[in-house]
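Okay, so here's the structure we're looking at.
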Amino acid sequence: MTIALVTGGTSGIGAEFARQLARRGDDLVLVARDVERLESMAVELRALGREVEVLPADLGNRDDVAKVVARLEDATRPIGVLVNNAGFSVHASLVDGDPDRHDLAFEVMGRTVLVLAAAAARGMRERGHGAIINVSSTAGFVTMGSYSAIKAWVTSYTEGLANELHGSGVTVTALCPGWVHTEFHDRAGIKKSSIPDALWLDAGPLVRSALRDASRGRVVSIPSVRYKLLIWFARHLPKSAVRAISRRISSSRRDTVSV
């Protein structure tokens, strides 16, 4: 029986991963800060006949991260799938005198991804099988502040980890979604009407595609034909053009963010 650990597993993409993993027969370990939402999600998944552990943790707190590491290293209840999903939007200016928001973003979406994936990989490599999915973003292919920079790092880190684990039986995949219908943008204060309808994705097909790509050993998973085309252009356009496009998107988003 496979056990999957999902961070940020109570809402959005993380909740959809939890549901689809449960439906395919995996038991779950859910990691999030909100105990009430953890328990509510656990009830939903247990109704599908799965065993569900809840692990309350603030992934911006290194002591809490250590608790998640300990669970990943528990050989008596081995984790076969890790989904590093927890994250949030960052709208702080790169020249802001208070770097706290950037520090937290690097901690949760950078260091914690590194630490948890490494912990999972050690056990998976020893057992000769397993899957790690790091939720990155198409934002990592453009240049829109520290969120883009962090997600670019997540994708690059995932590719490096995949190289290190090549031939071990452990797959490592960076999921790079675009705009997805979840709570993410509402929490960030971004008006969804500012984003063209054609760029929106639904979480269900997105996660199905990611799980399929992971099962095939694909290292970078970009959902939908339209995003594959957009990212192909982002990779091949001159950097100056990518920066110009990023400036336009960033300007539009600043105009729509609540203050």
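As shown in the structure tokens, the chain order sets the letters A, B, ...; within each chain, residues go from 1, and ligands are also counted from 1 in the order they appear.
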
- Task: Could you give me the residues within region 64-241 of chain A that DSSP places in alpha helix (DSSP H), as a ChimeraX atom specification?
- Result: /A:64-72,100-106,112-127,145-164,184-188,203-215,225-236,239-241

Which residues of region 28-119 of chain A come within 8 Å of region 133-137 of chain A, and for each one, what is the closest pair of atoms and their distance in Å to one decimal, counting only C-alpha atoms, sorted by chain and residue number, as a Markdown table?
| residue | atom | partner | partner_atom | distance |
| --- | --- | --- | --- | --- |
| A:Val81 | CA | A:Ile133 | CA | 7.8 |
| A:Leu82 | CA | A:Ile133 | CA | 6.1 |
| A:Val83 | CA | A:Ile133 | CA | 4.8 |
| A:Asn84 | CA | A:Asn134 | CA | 4.7 |
| A:Asn85 | CA | A:Val135 | CA | 5.1 |
| A:Val113 | CA | A:Asn134 | CA | 7.3 |

Out of region 56-152 of chain A, which residues get strand (DSSP E or B) from DSSP, as a PDB file with all heavy atoms, in the first residue's frame?
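Resulting contents of out-v9.pdb:
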ATOM      1  N   PRO A  56      -0.233  18.698  11.401  1.00  0.00           N
ATOM      2  CA  PRO A  56      -0.223  20.162  11.399  1.00  0.00           C
ATOM      3  C   PRO A  56       1.211  20.690  11.431  1.00  0.00           C
ATOM      4  O   PRO A  56       2.017  20.262  12.261  1.00  0.00           O
ATOM      5  CB  PRO A  56      -0.970  20.526  12.687  1.00  0.00           C
ATOM      6  CG  PRO A  56      -1.709  19.289  13.087  1.00  0.00           C
ATOM      7  CD  PRO A  56      -0.860  18.151  12.619  1.00  0.00           C
ATOM      8  N   VAL A  81       5.110   8.506  -2.143  1.00  0.00           N
ATOM      9  CA  VAL A  81       4.906   9.671  -3.002  1.00  0.00           C
ATOM     10  C   VAL A  81       4.980  10.912  -2.123  1.00  0.00           C
ATOM     11  O   VAL A  81       4.336  10.980  -1.069  1.00  0.00           O
ATOM     12  CB  VAL A  81       3.525   9.638  -3.708  1.00  0.00           C
ATOM     13  CG1 VAL A  81       3.315  10.905  -4.537  1.00  0.00           C
ATOM     14  CG2 VAL A  81       3.384   8.397  -4.571  1.00  0.00           C
ATOM     15  N   LEU A  82       5.773  11.883  -2.546  1.00  0.00           N
ATOM     16  CA  LEU A  82       5.808  13.190  -1.895  1.00  0.00           C
ATOM     17  C   LEU A  82       5.343  14.242  -2.891  1.00  0.00           C
ATOM     18  O   LEU A  82       5.881  14.325  -3.999  1.00  0.00           O
ATOM     19  CB  LEU A  82       7.218  13.539  -1.417  1.00  0.00           C
ATOM     20  CG  LEU A  82       7.433  15.002  -0.991  1.00  0.00           C
ATOM     21  CD1 LEU A  82       6.599  15.341   0.253  1.00  0.00           C
ATOM     22  CD2 LEU A  82       8.916  15.290  -0.749  1.00  0.00           C
ATOM     23  N   VAL A  83       4.359  15.048  -2.474  1.00  0.00           N
ATOM     24  CA  VAL A  83       3.946  16.197  -3.279  1.00  0.00           C
ATOM     25  C   VAL A  83       4.269  17.458  -2.487  1.00  0.00           C
ATOM     26  O   VAL A  83       3.627  17.761  -1.482  1.00  0.00           O
ATOM     27  CB  VAL A  83       2.441  16.152  -3.616  1.00  0.00           C
ATOM     28  CG1 VAL A  83       2.060  17.375  -4.464  1.00  0.00           C
ATOM     29  CG2 VAL A  83       2.083  14.864  -4.347  1.00  0.00           C
ATOM     30  N   ASN A  84       5.298  18.166  -2.919  1.00  0.00           N
ATOM     31  CA  ASN A  84       5.684  19.452  -2.322  1.00  0.00           C
ATOM     32  C   ASN A  84       4.839  20.539  -2.965  1.00  0.00           C
ATOM     33  O   ASN A  84       5.188  21.073  -4.022  1.00  0.00           O
ATOM     34  CB  ASN A  84       7.172  19.727  -2.593  1.00  0.00           C
ATOM     35  CG  ASN A  84       8.074  19.304  -1.456  1.00  0.00           C
ATOM     36  OD1 ASN A  84       7.742  19.482  -0.292  1.00  0.00           O
ATOM     37  ND2 ASN A  84       9.224  18.741  -1.802  1.00  0.00           N
ATOM     38  N   GLY A 130       9.710   5.135  -5.869  1.00  0.00           N
ATOM     39  CA  GLY A 130       9.070   6.291  -5.252  1.00  0.00           C
ATOM     40  C   GLY A 130       8.914   7.418  -6.258  1.00  0.00           C
ATOM     41  O   GLY A 130       9.469   7.371  -7.371  1.00  0.00           O
ATOM     42  N   ALA A 131       8.128   8.423  -5.876  1.00  0.00           N
ATOM     43  CA  ALA A 131       7.887   9.563  -6.758  1.00  0.00           C
ATOM     44  C   ALA A 131       7.856  10.843  -5.942  1.00  0.00           C
ATOM     45  O   ALA A 131       7.228  10.898  -4.880  1.00  0.00           O
ATOM     46  CB  ALA A 131       6.571   9.397  -7.517  1.00  0.00           C
ATOM     47  N   ILE A 132       8.539  11.862  -6.439  1.00  0.00           N
ATOM     48  CA  ILE A 132       8.547  13.190  -5.832  1.00  0.00           C
ATOM     49  C   ILE A 132       8.008  14.173  -6.863  1.00  0.00           C
ATOM     50  O   ILE A 132       8.506  14.217  -7.994  1.00  0.00           O
ATOM     51  CB  ILE A 132       9.962  13.600  -5.400  1.00  0.00           C
ATOM     52  CG1 ILE A 132      10.501  12.644  -4.318  1.00  0.00           C
ATOM     53  CG2 ILE A 132       9.985  15.050  -4.892  1.00  0.00           C
ATOM     54  CD1 ILE A 132      11.988  12.797  -4.053  1.00  0.00           C
ATOM     55  N   ILE A 133       6.987  14.929  -6.477  1.00  0.00           N
ATOM     56  CA  ILE A 133       6.431  15.960  -7.346  1.00  0.00           C
ATOM     57  C   ILE A 133       6.568  17.294  -6.640  1.00  0.00           C
ATOM     58  O   ILE A 133       6.016  17.484  -5.546  1.00  0.00           O
ATOM     59  CB  ILE A 133       4.945  15.690  -7.675  1.00  0.00           C
ATOM     60  CG1 ILE A 133       4.791  14.346  -8.392  1.00  0.00           C
ATOM     61  CG2 ILE A 133       4.373  16.825  -8.533  1.00  0.00           C
ATOM     62  CD1 ILE A 133       3.344  13.927  -8.615  1.00  0.00           C
ATOM     63  N   ASN A 134       7.323  18.194  -7.227  1.00  0.00           N
ATOM     64  CA  ASN A 134       7.486  19.548  -6.693  1.00  0.00           C
ATOM     65  C   ASN A 134       6.626  20.503  -7.522  1.00  0.00           C
ATOM     66  O   ASN A 134       6.826  20.615  -8.733  1.00  0.00           O
ATOM     67  CB  ASN A 134       8.944  19.991  -6.760  1.00  0.00           C
ATOM     68  CG  ASN A 134       9.845  19.148  -5.881  1.00  0.00           C
ATOM     69  OD1 ASN A 134       9.454  18.716  -4.796  1.00  0.00           O
ATOM     70  ND2 ASN A 134      11.069  18.899  -6.337  1.00  0.00           N
ATOM     71  N   VAL A 135       5.679  21.159  -6.869  1.00  0.00           N
ATOM     72  CA  VAL A 135       4.813  22.082  -7.605  1.00  0.00           C
ATOM     73  C   VAL A 135       5.565  23.392  -7.817  1.00  0.00           C
ATOM     74  O   VAL A 135       5.828  24.144  -6.884  1.00  0.00           O
ATOM     75  CB  VAL A 135       3.485  22.320  -6.870  1.00  0.00           C
ATOM     76  CG1 VAL A 135       2.632  23.329  -7.644  1.00  0.00           C
ATOM     77  CG2 VAL A 135       2.723  21.002  -6.713  1.00  0.00           C
TER      78      VAL A 135
END

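Neighbouring residues of Val54 (chain A) at 7 Å or closer, counting only C-alpha atoms and skipping chain neighbours under 6 positions away, are Val29, Leu30, Val31 and Leu38 of chain A.
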
- Item | Residue contacts of Asp74 (chain A) (12 Å, only C-alpha atoms) excluding same-chain residues fewer than 5 positions away, as a PyMOL selection string | chain A and resi 3+67-69+79-80+119-120+122-124

Hey, could you make a per-residue contact list for region 203-259 of chain A against region 146-164 of chain A with 12 Å as the cut-off, showing the nearest pair of atoms and its distance in Å to one decimal, counting only C-alpha atoms, sorted by chain and number, as CSV?
residue,atom,partner,partner_atom,distance
A:Ala214,CA,A:Ala162,CA,11.4
A:Gly217,CA,A:Ala162,CA,9.3
A:Arg218,CA,A:Ala162,CA,9.6
A:Val219,CA,A:Glu159,CA,6.4
A:Val220,CA,A:Thr155,CA,7.5
A:Ser221,CA,A:Thr155,CA,9.9
A:Ile222,CA,A:Thr155,CA,11.2
A:Arg243,CA,A:Ser148,CA,11.8
A:Ser246,CA,A:Ser148,CA,10.0
A:Ser250,CA,A:Ser148,CA,10.9

Dump as an mmCIF file, in the first residue's frame, selection limited to N, CA and C atoms:
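Output saved as part03.cif:
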data_model
loop_
_atom_site.group_PDB
_atom_site.id
_atom_site.type_symbol
_atom_site.label_atom_id
_atom_site.label_comp_id
_atom_site.auth_asym_id
_atom_site.auth_seq_id
_atom_site.Cartn_x
_atom_site.Cartn_y
_atom_site.Cartn_z
ATOM 1 N N ALA A 214 4.364 12.003 -14.017
ATOM 2 C CA ALA A 214 5.238 11.432 -12.988
ATOM 3 C C ALA A 214 5.382 9.927 -13.175
ATOM 4 N N GLY A 217 7.884 9.148 -15.678
ATOM 5 C CA GLY A 217 9.234 9.620 -15.421
ATOM 6 C C GLY A 217 9.566 10.949 -16.051
ATOM 7 N N ARG A 218 8.544 11.707 -16.439
ATOM 8 C CA ARG A 218 8.798 13.016 -17.049
ATOM 9 C C ARG A 218 9.249 13.996 -15.976
ATOM 10 N N VAL A 219 10.315 14.733 -16.242
ATOM 11 C CA VAL A 219 10.926 15.583 -15.220
ATOM 12 C C VAL A 219 10.226 16.933 -15.118
ATOM 13 N N VAL A 220 9.781 17.503 -16.224
ATOM 14 C CA VAL A 220 9.059 18.773 -16.206
ATOM 15 C C VAL A 220 7.684 18.544 -16.820
ATOM 16 N N SER A 221 6.651 18.823 -16.042
ATOM 17 C CA SER A 221 5.274 18.618 -16.483
ATOM 18 C C SER A 221 4.609 19.972 -16.672
ATOM 19 N N ILE A 222 4.267 20.279 -17.928
ATOM 20 C CA ILE A 222 3.571 21.528 -18.249
ATOM 21 C C ILE A 222 2.193 21.148 -18.786
ATOM 22 N N ARG A 243 11.539 39.694 -20.818
ATOM 23 C CA ARG A 243 11.492 40.721 -19.762
ATOM 24 C C ARG A 243 10.412 41.765 -20.062
ATOM 25 N N SER A 246 7.079 40.274 -19.322
ATOM 26 C CA SER A 246 6.950 40.156 -17.868
ATOM 27 C C SER A 246 6.603 41.503 -17.239
ATOM 28 N N SER A 250 3.364 42.113 -14.995
ATOM 29 C CA SER A 250 3.561 42.595 -13.629
ATOM 30 C C SER A 250 2.808 43.894 -13.400
#

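Residue nearest Asp213 (chain A), chosen from A:Leu94, A:Ile231, A:Val242, A:Cys176 and counting only C-alpha atoms: A:Cys176.
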
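Here the question is which of A:Ala86, A:Val172, A:Ala66, A:Leu237 gets nearest to Ala105 (chain A) using only C-alpha atoms, and that residue is A:Ala86.
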
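Counting only C-alpha atoms, the residue from A:Met144, A:Leu230, A:Ala32, A:Ala241 that sits nearest to Asp58 (chain A) is A:Ala32.
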